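Q: Enclosed is the structure file upload-v7.cif (mmCIF, C-alpha atoms).
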```
data_protein
#
loop_
_atom_site.label_atom_id
_atom_site.label_comp_id
_atom_site.auth_asym_id
_atom_site.auth_seq_id
_atom_site.Cartn_x
_atom_site.Cartn_y
_atom_site.Cartn_z
CA MET A 241 93.56 312.34 68.52
CA VAL A 242 97.23 311.31 68.36
CA TYR A 243 99.82 313.61 69.92
CA ILE A 244 103.55 313.84 69.30
CA THR A 245 105.03 312.45 72.51
CA GLU A 246 108.59 311.92 73.63
CA GLU A 247 108.04 308.16 73.58
CA LEU A 248 106.89 308.31 69.95
CA VAL A 249 109.91 310.33 68.86
CA ARG A 250 112.31 308.02 70.71
CA ARG A 251 110.81 304.97 69.03
CA ARG A 252 111.45 306.64 65.69
CA ALA A 253 115.01 307.51 66.69
CA GLU A 254 116.35 303.96 66.89
CA HIS A 255 118.98 304.77 64.26
CA ASN A 256 120.33 307.42 66.65
CA GLU A 257 120.36 305.11 69.73
CA CYS A 258 117.02 306.66 70.80
CA GLU A 259 118.67 310.02 71.50
CA ILE A 260 116.45 312.88 70.37
CA PHE A 261 118.51 315.96 71.27
CA SER A 262 121.06 315.17 68.51
CA LEU A 263 118.54 313.75 66.03
CA GLU A 264 119.02 314.94 62.43
CA GLU A 265 116.33 312.91 60.67
CA VAL A 266 113.00 311.53 61.92
CA SER A 267 110.00 309.99 60.21
CA LEU A 268 106.57 310.48 61.78
CA HIS A 269 104.45 309.52 58.79
CA GLN A 270 101.15 307.59 58.99
CA GLN A 271 100.67 308.22 62.71
CA ASP A 272 97.29 310.05 62.47
CA ILE A 273 98.90 313.14 64.02
CA GLU A 274 96.60 316.17 64.13
CA LYS A 275 98.98 318.79 65.50
CA ILE A 276 102.68 319.63 65.17
CA GLU A 277 104.22 320.28 68.59
CA HIS A 278 107.35 319.79 70.74
CA ILE A 279 109.63 318.92 67.81
CA ASP A 280 111.18 322.39 67.62
CA ARG A 281 112.18 322.13 71.30
CA TRP A 282 113.29 318.50 71.48
CA CYS A 283 115.14 318.16 68.14
CA ARG A 284 116.91 321.43 67.41
CA ASP A 285 119.38 319.76 65.00
CA LEU A 286 116.79 318.28 62.66
CA ARG A 287 117.66 318.42 58.98
CA ILE A 288 114.98 316.12 57.52
CA LEU A 289 111.43 315.81 58.87
CA TYR A 290 108.81 313.45 57.42
CA LEU A 291 105.21 314.19 58.44
CA GLN A 292 103.33 312.90 55.39
CA ASN A 293 100.02 311.04 55.49
CA ASN A 294 98.70 312.46 58.76
CA LEU A 295 95.76 314.71 59.66
CA ILE A 296 97.67 317.97 60.24
CA PRO A 297 95.50 321.02 59.47
CA ARG A 298 98.08 323.73 60.09
CA ILE A 299 101.84 324.36 59.84
CA GLU A 300 103.06 325.46 63.27
CA ASN A 301 105.77 325.07 65.92
CA LEU A 302 108.61 324.64 63.41
CA GLY A 303 110.20 328.11 63.53
CA ARG A 304 113.07 327.04 65.81
CA LEU A 305 114.40 324.40 63.44
CA LYS A 306 117.16 326.56 61.97
CA LYS A 307 118.94 323.59 60.35
CA LEU A 308 115.87 322.04 58.72
CA GLU A 309 116.51 321.43 55.01
CA TYR A 310 113.68 319.12 53.90
CA LEU A 311 110.09 319.17 55.18
CA ASN A 312 107.55 316.64 53.87
CA LEU A 313 103.90 317.45 54.69
CA ALA A 314 102.22 315.59 51.82
CA LEU A 315 98.76 314.06 52.30
CA ASN A 316 97.57 316.27 55.15
CA ASN A 317 94.78 318.84 55.64
CA ILE A 318 96.84 322.02 55.28
CA GLU A 319 95.03 324.98 53.69
CA VAL A 320 97.50 327.84 54.19
CA ILE A 321 101.30 328.03 53.85
CA GLU A 322 102.53 329.78 56.99
CA ASN A 323 104.93 329.86 59.95
CA LEU A 324 108.02 328.71 58.05
CA GLU A 325 109.95 331.99 58.13
CA GLY A 326 112.19 330.74 60.94
CA CYS A 327 113.39 327.70 58.95
CA GLU A 328 116.36 329.56 57.49
CA SER A 329 117.98 326.51 55.86
CA LEU A 330 114.84 325.09 54.22
CA GLN A 331 115.63 323.89 50.70
CA LYS A 332 112.76 321.54 49.83
CA LEU A 333 109.07 321.71 50.81
CA ASP A 334 106.56 319.02 49.82
CA LEU A 335 102.86 319.88 50.19
CA THR A 336 101.50 317.34 47.69
CA VAL A 337 97.77 316.52 47.96
CA ASN A 338 96.74 319.02 50.60
CA PHE A 339 93.99 321.66 50.53
CA VAL A 340 95.99 324.81 49.86
CA GLY A 341 93.50 327.14 48.19
CA CYS A 342 94.95 330.43 49.37
CA LEU A 343 97.64 330.79 46.68
CA SER A 344 98.72 334.19 47.96
CA SER A 345 100.10 332.45 51.08
CA VAL A 346 103.00 331.27 48.89
CA GLU A 347 104.52 334.72 49.34
CA SER A 348 105.32 333.83 52.97
CA LEU A 349 108.13 331.64 51.57
CA GLN A 350 110.00 334.67 50.27
CA HIS A 351 111.93 334.75 53.57
CA ASN A 352 113.28 331.23 52.89
CA ILE A 353 116.03 332.34 50.53
CA HIS A 354 117.52 328.85 50.26
CA LEU A 355 114.28 327.21 49.09
CA ARG A 356 114.91 325.47 45.76
CA GLU A 357 112.09 322.93 45.34
CA LEU A 358 108.35 323.26 46.02
CA PHE A 359 105.63 320.67 45.42
CA LEU A 360 101.96 321.73 45.36
CA VAL A 361 100.54 318.98 43.12
CA GLY A 362 97.00 317.95 44.09
CA ASN A 363 96.05 321.21 45.83
CA PRO A 364 93.04 323.33 44.79
CA CYS A 365 95.32 326.30 44.00
CA THR A 366 96.94 324.39 41.11
CA GLU A 367 93.64 324.66 39.21
CA PHE A 368 93.77 328.47 39.26
CA GLU A 369 94.45 330.15 35.94
CA GLY A 370 97.96 331.61 36.06
CA TYR A 371 98.98 329.41 39.02
CA ARG A 372 102.49 328.57 37.82
CA GLU A 373 103.27 332.13 36.69
CA TYR A 374 102.15 333.49 40.06
CA VAL A 375 104.41 331.11 42.03
CA VAL A 376 107.40 331.71 39.75
CA THR A 377 107.18 335.47 40.13
CA SER A 378 106.48 335.32 43.87
CA LEU A 379 109.53 333.13 44.59
CA PRO A 380 112.41 334.29 42.38
CA HIS A 381 114.92 332.00 44.13
CA LEU A 382 112.88 328.84 43.34
CA LYS A 383 114.53 326.41 40.88
CA CYS A 384 111.92 323.65 40.57
CA LEU A 385 108.10 323.69 40.90
CA ASP A 386 106.08 320.45 41.04
CA GLY A 387 109.04 318.47 39.73
CA THR A 388 109.51 320.71 36.68
CA GLU A 389 112.54 322.96 36.37
CA ILE A 390 111.89 326.69 36.04
CA THR A 391 113.75 328.00 33.00
CA ARG A 392 115.04 331.52 32.59
CA SER A 393 112.69 332.25 29.65
CA GLU A 394 109.66 331.05 31.67
CA ARG A 395 110.57 333.39 34.49
CA ILE A 396 110.91 336.35 32.11
CA ARG A 397 107.49 335.70 30.51
CA ALA A 398 105.90 335.36 33.95
CA PHE A 399 107.23 338.75 35.04
CA GLN A 400 105.91 340.39 31.88
CA GLY A 401 102.27 339.55 32.65
CA LEU A 402 102.56 339.78 36.46
CA VAL A 403 99.84 342.41 37.00
CA GLU A 404 97.18 340.54 35.04
CA VAL A 405 98.15 337.21 36.59
CA LYS A 406 97.83 338.56 40.13
CA ARG A 407 94.42 340.04 39.41
CA ARG A 408 93.04 336.76 38.06
CA VAL A 409 94.53 334.74 40.91
CA TRP A 410 93.05 337.03 43.56
CA GLU A 411 89.57 336.77 42.01
CA GLN A 412 89.71 332.99 41.87
CA GLU A 413 91.01 332.88 45.41
CA LYS A 414 88.08 334.94 46.71
CA GLU A 415 85.64 332.65 44.95
CA TYR A 416 87.33 329.59 46.43
CA LEU A 417 87.26 331.01 49.97
CA ARG A 418 83.55 331.77 49.59
CA ARG A 419 82.90 328.21 48.49
CA ARG A 420 84.98 326.83 51.36
CA ALA A 421 82.95 328.80 53.89
CA LYS A 422 79.78 327.12 52.60
CA GLU A 423 81.41 323.69 52.74
CA LYS A 424 82.49 324.23 56.34
CA GLU A 425 78.99 325.32 57.32
CA GLU A 426 77.42 322.30 55.63
CA ALA A 427 79.93 319.94 57.27
CA HIS A 428 79.18 321.44 60.68
CA ARG A 429 75.45 321.05 60.13
CA LYS A 430 75.90 317.43 59.05
CA THR A 431 78.05 316.60 62.07
CA THR A 432 75.55 318.16 64.45
CA GLY A 433 72.68 316.23 62.86
CA GLU A 434 74.49 312.90 63.17
CA GLN A 435 75.24 313.53 66.83
CA GLU A 436 71.60 314.29 67.55
CA ARG A 437 70.49 311.20 65.62
CA LYS A 438 72.86 308.88 67.45
CA GLY A 439 72.13 310.36 70.85
CA SER A 440 74.04 309.04 73.83
CA LYS A 441 73.83 305.35 72.97
CA PRO A 442 77.11 303.55 73.57
CA GLY A 443 76.74 301.38 70.46
CA PHE A 444 74.70 301.26 67.27
CA ASP A 445 72.20 299.00 69.05
CA GLY A 446 72.35 300.75 72.42
CA ARG A 447 74.35 298.01 74.18
CA TRP A 448 77.79 298.08 75.79
CA TYR A 449 80.52 295.74 74.61
CA THR A 450 83.86 294.57 76.03
CA ASP A 451 86.50 296.80 74.42
CA ILE A 452 90.25 296.57 75.15
CA ASN A 453 90.53 300.33 74.64
CA ASN A 454 88.88 300.74 78.04
CA THR A 455 89.36 299.12 81.40
CA VAL A 456 86.69 296.43 81.71
CA TYR A 457 85.33 295.25 85.07
CA VAL A 458 82.98 292.26 84.82
CA GLN A 459 81.16 290.96 87.87
CA CYS A 460 80.45 287.20 88.00
CA PRO A 461 78.37 286.57 91.12
CA GLY A 462 77.34 283.06 90.08
CA LEU A 463 78.82 281.00 87.30
CA GLU A 464 76.23 278.25 87.67
CA GLU A 465 73.39 280.62 86.91
CA ASN A 466 75.25 281.89 83.88
CA LYS A 467 75.69 278.33 82.63
CA GLU A 468 72.01 277.58 83.02
CA ASN A 469 70.98 280.69 81.09
CA GLN A 470 73.75 280.51 78.50
CA GLU A 471 71.74 278.65 75.89
CA ALA A 472 68.79 281.05 76.14
CA ALA A 473 71.11 284.05 75.94
CA GLU A 474 72.83 282.70 72.83
CA ASN A 475 69.49 282.18 71.08
CA THR A 476 68.42 285.73 71.92
CA LYS A 477 71.75 287.08 70.72
CA LEU A 478 71.41 285.29 67.39
CA LYS A 479 67.93 286.67 66.86
CA MET A 480 69.12 290.22 67.54
CA THR A 481 72.34 289.93 65.49
CA VAL A 482 70.78 289.31 62.10
CA PRO A 483 68.89 292.63 61.78
CA ASP A 484 71.80 294.48 63.36
CA LEU A 485 74.20 293.15 60.74
CA GLU A 486 71.83 294.07 57.93
CA GLU A 487 71.44 297.59 59.28
CA GLU A 488 75.19 297.96 59.71
CA GLN A 489 75.82 296.75 56.16
CA ARG A 490 73.25 299.19 54.80
CA ARG A 491 74.88 302.11 56.63
CA GLU A 492 78.30 301.05 55.37
CA GLU A 493 77.17 301.03 51.76
CA GLU A 494 75.36 304.33 52.19
CA PHE A 495 78.47 305.96 53.68
CA TRP A 496 80.84 304.96 50.87
CA HIS A 497 78.42 305.44 47.95
CA THR A 498 77.08 308.85 48.93
CA PRO A 499 78.84 311.56 46.85
CA CYS A 500 80.63 314.25 48.84
CA PRO A 501 83.17 317.01 48.02
CA PHE A 502 86.86 316.37 48.65
CA THR A 503 87.48 318.61 51.65
CA PRO A 504 89.43 318.39 54.92
CA GLU A 505 86.16 317.64 56.71
CA SER A 506 85.26 314.72 54.41
CA ARG A 507 88.78 313.27 54.70
CA LEU A 508 88.60 313.53 58.48
CA GLU A 509 85.15 311.94 58.48
CA ALA A 510 86.38 309.01 56.39
CA HIS A 511 89.34 308.55 58.72
CA ARG A 512 87.12 308.49 61.81
CA HIS A 513 84.77 306.03 60.16
CA LEU A 514 87.65 303.67 59.44
CA GLU A 515 88.93 304.16 62.97
CA GLU A 516 85.56 303.14 64.40
CA LYS A 517 85.52 300.03 62.23
CA ARG A 518 89.03 299.16 63.37
CA LYS A 519 88.14 299.62 67.04
CA ALA A 520 85.04 297.46 66.59
CA LYS A 521 87.29 294.60 65.48
CA GLU A 522 89.44 295.04 68.60
CA LYS A 523 86.68 293.84 70.91
CA LEU A 524 87.83 290.64 72.61
CA GLU A 525 85.53 287.76 73.42
CA PHE A 526 86.14 285.78 76.59
CA SER A 527 84.69 282.94 78.62
CA LEU A 528 85.02 282.24 82.35
CA THR A 529 84.34 278.64 83.38
CA GLU A 530 84.90 276.30 86.32
CA ASP A 531 87.00 273.13 86.12
CA GLU A 532 85.39 270.92 88.75
CA GLU A 533 87.88 268.08 88.36
CA ASN A 534 90.93 270.23 89.05
CA ASN A 535 89.09 272.66 91.33
CA ALA A 536 90.17 275.65 89.23
CA ILE A 537 88.76 278.65 87.37
CA VAL A 538 89.62 278.91 83.66
CA LEU A 539 89.63 282.20 81.69
CA ASP A 540 89.74 281.91 77.88
CA LEU A 541 90.55 285.28 76.26
CA ALA A 542 90.35 285.52 72.45
CA VAL A 543 93.67 287.27 71.80
CA TYR A 544 94.67 287.96 68.20
CA ARG A 545 96.34 284.98 66.60
CA HIS A 546 99.41 286.81 65.23
CA LEU A 547 99.96 289.06 68.25
CA ASP A 548 103.43 288.74 69.75
CA THR A 549 103.32 287.20 73.21
CA SER A 550 105.78 289.82 74.47
CA LEU A 551 103.00 292.41 74.12
CA ILE A 552 100.80 290.55 76.65
CA ASP A 553 101.16 291.13 80.39
CA VAL A 554 99.13 289.01 82.83
CA ASP A 555 98.61 289.86 86.50
CA VAL A 556 96.67 287.30 88.58
CA GLN A 557 95.49 288.38 92.02
CA PRO A 558 93.49 286.34 94.57
CA THR A 559 90.20 288.06 93.69
CA TYR A 560 90.72 289.40 90.14
CA VAL A 561 92.87 289.01 87.04
CA ARG A 562 94.22 291.79 84.80
CA VAL A 563 95.51 291.31 81.25
CA GLN A 564 97.31 294.12 79.44
CA ILE A 565 97.38 293.78 75.64
CA LYS A 566 99.40 296.37 73.72
CA GLY A 567 98.87 298.85 76.53
CA LYS A 568 95.11 298.21 76.72
CA ILE A 569 93.69 296.73 79.94
CA PHE A 570 91.22 293.88 80.36
CA GLN A 571 90.20 293.19 83.99
CA ILE A 572 87.66 290.80 85.44
CA VAL A 573 86.58 289.98 89.00
CA LEU A 574 86.79 286.30 89.92
CA PRO A 575 83.87 284.49 91.59
CA ALA A 576 86.16 282.79 94.14
CA GLU A 577 89.58 283.27 95.66
CA VAL A 578 92.41 281.67 93.68
CA GLN A 579 96.10 280.91 94.11
CA PRO A 580 98.17 283.36 92.02
CA ASP A 581 101.43 281.43 92.54
CA SER A 582 99.92 278.19 91.20
CA SER A 583 98.17 279.78 88.23
CA SER A 584 99.35 279.15 84.67
CA ALA A 585 99.01 281.03 81.36
CA GLN A 586 99.15 279.34 77.95
CA ARG A 587 98.50 280.37 74.34
CA SER A 588 96.91 278.22 71.69
CA GLN A 589 99.15 277.66 68.67
CA THR A 590 96.16 277.42 66.33
CA THR A 591 93.81 280.18 67.53
CA GLY A 592 96.17 282.32 69.59
CA HIS A 593 93.74 282.39 72.53
CA LEU A 594 95.14 283.07 75.99
CA VAL A 595 94.05 280.45 78.55
CA LEU A 596 94.54 281.19 82.26
CA THR A 597 94.10 278.30 84.70
CA MET A 598 93.74 279.54 88.30
CA PRO A 599 93.38 276.91 91.07
CA ARG A 600 91.08 277.71 93.95
CA VAL A 601 92.46 278.31 97.40
CA GLU A 602 92.67 275.08 99.47
CA GLY A 603 89.68 274.67 101.76
CA GLU A 604 87.53 276.90 99.55
CA ILE A 605 83.88 276.21 100.29
CA LYS A 606 81.87 275.35 97.23
CA VAL A 607 78.36 274.14 96.52
CA THR A 608 78.04 270.48 95.59
CA LYS A 609 75.47 270.24 92.84
CA GLY A 610 74.37 267.16 91.00
CA ALA A 611 76.15 264.73 93.40
CA SER A 612 73.55 262.67 95.24
CA ARG A 613 74.35 260.93 98.52
CA PRO A 614 73.83 257.15 98.85
CA ALA A 615 70.36 256.25 99.99
CA ARG A 616 69.88 255.06 103.54
CA VAL A 617 67.84 251.96 104.25
CA CYS A 618 65.36 252.47 107.08
CA GLU A 619 63.90 249.82 109.37
CA THR A 620 60.75 249.74 107.28
CA GLY A 621 62.79 248.81 104.19
CA ARG A 622 62.18 252.05 102.34
CA SER A 623 65.10 254.06 100.90
CA SER A 624 65.26 257.79 101.47
CA SER A 625 67.69 260.50 100.40
CA SER A 626 68.39 263.54 102.57
CA GLU A 627 68.94 265.69 99.50
CA GLY A 628 65.67 264.56 97.98
CA GLN A 629 63.81 265.48 101.18
CA ASN A 630 65.51 268.88 101.28
CA ARG A 631 64.63 269.46 97.68
CA LYS A 632 61.03 268.53 98.22
CA GLY A 633 60.76 270.69 101.30
CA HIS A 634 62.53 273.59 99.55
CA VAL A 635 65.31 273.46 102.12
CA PRO A 636 68.45 275.34 100.97
CA GLU A 637 71.40 273.12 100.14
CA ARG A 638 74.17 272.85 102.70
CA LEU A 639 77.78 273.84 102.10
CA GLU A 640 80.32 271.10 102.55
CA VAL A 641 84.08 271.04 102.67
CA ASP A 642 85.74 268.80 100.12
CA PRO A 643 87.10 265.83 102.22
CA SER A 644 89.94 265.30 99.73
CA LEU A 645 91.45 268.60 100.81
CA HIS A 646 92.10 267.28 104.37
CA THR A 647 95.54 265.74 103.93
CA ALA A 648 96.91 266.20 107.50
CA PRO A 649 96.73 263.02 109.73
CA ASP A 650 94.72 263.09 112.93
CA TYR A 651 97.01 262.46 115.94
CA ALA A 652 94.31 262.79 118.60
CA ASN A 653 93.40 259.08 118.97
CA ILE A 654 96.73 257.39 118.29
CA VAL A 655 97.53 256.75 122.03
CA PRO A 656 94.52 255.83 124.20
CA ARG A 657 94.04 258.08 127.15
CA GLN A 658 93.94 256.66 130.70
CA ARG A 659 91.04 257.40 132.88
CA ALA A 660 91.62 259.74 135.79
CA LYS A 661 90.37 257.19 138.41
CA GLU A 662 92.74 254.43 137.26
CA GLY A 663 96.28 254.20 138.54
CA PRO A 664 99.42 253.27 136.70
CA LEU A 665 98.55 249.62 137.05
CA GLU A 666 95.55 248.52 135.20
CA ARG A 667 92.94 247.10 137.51
CA ALA A 668 91.62 243.68 137.01
CA ARG A 669 88.76 243.66 134.74
CA THR A 670 85.49 242.22 135.82
CA PRO A 671 84.47 239.68 133.19
CA PRO A 672 81.14 240.32 131.66
CA ALA A 673 78.34 238.05 132.67
CA ALA A 674 77.86 235.46 130.04
CA SER A 675 74.40 234.82 128.92
CA SER A 676 73.00 231.37 129.20
CA SER A 677 72.39 231.24 125.49
CA SER A 678 76.05 231.89 124.60
CA LEU A 679 77.51 229.28 127.04
CA SER A 680 77.32 225.67 126.18
CA ASP A 681 76.56 223.00 128.73
CA GLY A 682 79.54 221.85 130.82
CA PHE A 683 81.61 225.04 130.23
CA GLU A 684 83.39 226.44 133.25
CA ASP A 685 84.73 229.99 133.25
CA ASP A 686 88.34 230.33 134.30
CA LEU A 687 89.02 233.69 135.91
CA ASP A 688 92.74 233.56 135.06
CA VAL A 689 92.08 233.48 131.32
CA PRO A 690 91.18 236.85 129.79
CA PRO A 691 87.95 236.92 127.88
CA LEU A 692 87.84 236.97 124.12
CA ILE A 693 86.62 240.29 122.72
#
```
What would the structure in this file look like if it were written as structure tokens?
A:
Amino acid sequence: MVYITEELVRRRAEHNECEIFSLEEVSLHQQDIEKIEHIDRWCRDLRILYLQNNLIPRIENLGRLKKLEYLNLALNNIEVIENLEGCESLQKLDLTVNFVGCLSSVESLQHNIHLRELFLVGNPCTEFEGYREYVVTSLPHLKCLDGTEITRSERIRAFQGLVEVKRRVWEQEKEYLRRRAKEKEEAHRKTTGEQERKGSKPGFDGRWYTDINNTVYVQCPGLEENKENQEAAENTKLKMTVPDLEEEQRREEEFWHTPCPFTPESRLEAHRHLEEKRKAKEKLEFSLTEDEENNAIVLDLAVYRHLDTSLIDVDVQPTYVRVQIKGKIFQIVLPAEVQPDSSSAQRSQTTGHLVLTMPRVEGEIKVTKGASRPARVCETGRSSSSEGQNRKGHVPERLEVDPSLHTAPDYANIVPRQRAKEGPLERARTPPAASSSSLSDGFEDDLDVPPLI
């Protein structure tokens, strides 16, 4: 249900520098509004008000608009003309294609002495016998009805047969109200039956989907496991999608081809059906992957291709990322801590997808999979791998720190430390005893010459 809010009125008041207190004309058409409210308090100086093509079932909250001259309520669900006595300056009223079946409610416009034009084309009351004569006699100040001027001779003839015309109109009106009561009861029974048939399932197949109309929190405890099971999940999804699409297509054809009376309930039902189809198309697909080469997490969000980038707001936090698209929130928890300041957001010029690249925090511990260590050669000549032994013995893999992340030099062993027993002067070294095998015959060791190391 769409409400008339201050923000909505200000957006429609751009021609008046977004000031609503001095607004004289505003257009709120095609907004799916279901109730008139607040306008009589916010815009006291209104002269022209457009509310056509909405879902308004009743005329209300307009009595304080003393300066209102033109009111357009065409293509709505109004059944009774009422609550316009306070619009003292009203000159033109358009109720084209509504559901006004209570023709006697036209008499409530007798207080609007400045009313000159009235449009009731497309309403059930226009099919009543004596409709035009009844309206002409009920509103003597009216100059034009349904786009046709009321002549003086037509008004005289209408007054001559007024008693008979009123009697016929009242009978037809009673019959119409009786038929409308049955239609309302049938519509209520149909709505109740559909709700019981659908039950409390979130979707037509009982599964939940990512929808930008709601805040979405997705937990990703292990991306590797998701990658391993991705192929199997896609195959299962394809098998389940084919019958679902056939069932959905069958329901769609059944909905539009089933005959139904033209009533406010059927119009509202068609609107809600179209709204559900529109919301179903708003579901965004996404993928969360790891870039091992750049040590980053990449989020690919399928944003609409022609959506203006100014309507997208991205907020990257160390443990989660939030994307706001046209006021709707998409949020996902990240599997590892990232660097918000070093993250980047880009949009594809061909598909319009939003790609977020979020580097991991330096020193982040990660599991090394698929990288085998070089084999060690033992004394027996056999080669063995520590990872292969761990895998055979079902030993859990160890966590290692990426050595490339250690960029700081080690200053600990630059200057050799002196031993505590030695003094400032280095003591004479005792030459190592030379083995007989390493000394050739006739070689004499000179103690003044330092040994070669």
Q: Rounded to one decimal in Å, what is the spacing between atom CA of Val573 of chain A and atom CA of Asn535 of chain A?
A: 17.7 Å
Q: Would you please work out which residue, of A:Thr377, A:Thr549, A:Gln271, A:Asn323, is nearest to Ala398 of chain A when using all atoms listed in the file?
A: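 Smallest distance to Ala398 of chain A is found for A:Thr377.
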Q: Expand the PyMOL selection byres ((chain A and resi 507-509) around 12) into the explicit residue set it covers here, and present it as a PyMOL selection string.
A: chain A and resi 241+272-274+293-297+315-318+337-339+427-428+430-431+434+495-496+500-506+510-516
Q: Find the residues around Leu358 of chain A up to 8 Å (only C-alpha atoms counted), leave out those fewer than 2 positions away in its own chain, and share them as a ChimeraX atom specification.
A: /A:332-335,355-356,360,382,384-387
Q: Which neighbours of Leu311 of chain A fall inside 12 Å, counting all atoms listed in the file, when residues of the same chain fewer than 3 positions from it are skipped, and could you give them as a compact mmCIF listing (two decimals) with C-alpha atoms, keeping the file's coordinate frame?
A:
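part.txt, written as the output of this step:
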```
# COMPACT_ATOMS: atom_id res chain seq x y z
CA GLU A 265 116.33 312.91 60.67
CA VAL A 266 113.00 311.53 61.92
CA SER A 267 110.00 309.99 60.21
CA LEU A 268 106.57 310.48 61.78
CA HIS A 269 104.45 309.52 58.79
CA LEU A 286 116.79 318.28 62.66
CA ARG A 287 117.66 318.42 58.98
CA ILE A 288 114.98 316.12 57.52
CA LEU A 289 111.43 315.81 58.87
CA TYR A 290 108.81 313.45 57.42
CA LEU A 291 105.21 314.19 58.44
CA GLN A 292 103.33 312.90 55.39
CA ILE A 299 101.84 324.36 59.84
CA LEU A 302 108.61 324.64 63.41
CA LEU A 305 114.40 324.40 63.44
CA LYS A 307 118.94 323.59 60.35
CA LEU A 308 115.87 322.04 58.72
CA ALA A 314 102.22 315.59 51.82
CA LEU A 324 108.02 328.71 58.05
CA CYS A 327 113.39 327.70 58.95
CA SER A 329 117.98 326.51 55.86
CA LEU A 330 114.84 325.09 54.22
CA GLN A 331 115.63 323.89 50.70
CA LYS A 332 112.76 321.54 49.83
CA LEU A 333 109.07 321.71 50.81
CA ASP A 334 106.56 319.02 49.82
CA LEU A 335 102.86 319.88 50.19
CA THR A 336 101.50 317.34 47.69
CA LEU A 355 114.28 327.21 49.09
CA GLU A 357 112.09 322.93 45.34
CA LEU A 358 108.35 323.26 46.02
CA PHE A 359 105.63 320.67 45.42
```
Q: Neighbouring residues of Phe368 of chain A were defined as those with any atom within 10 Å, considering only C-alpha atoms; residues of the same chain fewer than 3 positions away were excluded. Please report them as JSON, numbers by chain.
A: {"A": [341, 343, 364, 365, 371, 372, 374, 408, 409, 410, 411, 412, 413, 416]}
Q: Taking into account all atoms listed in the file, which residue in the set A:Val601, A:Val538, A:Phe526, A:Asp553 is nearest to Ser584 of chain A?
A: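 So, comparing all the options, the nearest one is A:Val538.
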Q: Please report the interatomic distance between atom CA of Thr597 of chain A and atom CA of Asp531 of chain A in Å with one decimal.
A: 8.9 Å
Q: Just the number, please: distance in Å from atom CA of Cys258 of chain A to atom CA of Tyr544 of chain A, one decimal.
A: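 Separating atom CA of Cys258 of chain A from atom CA of Tyr544 of chain A is a distance of 29.3 Å.
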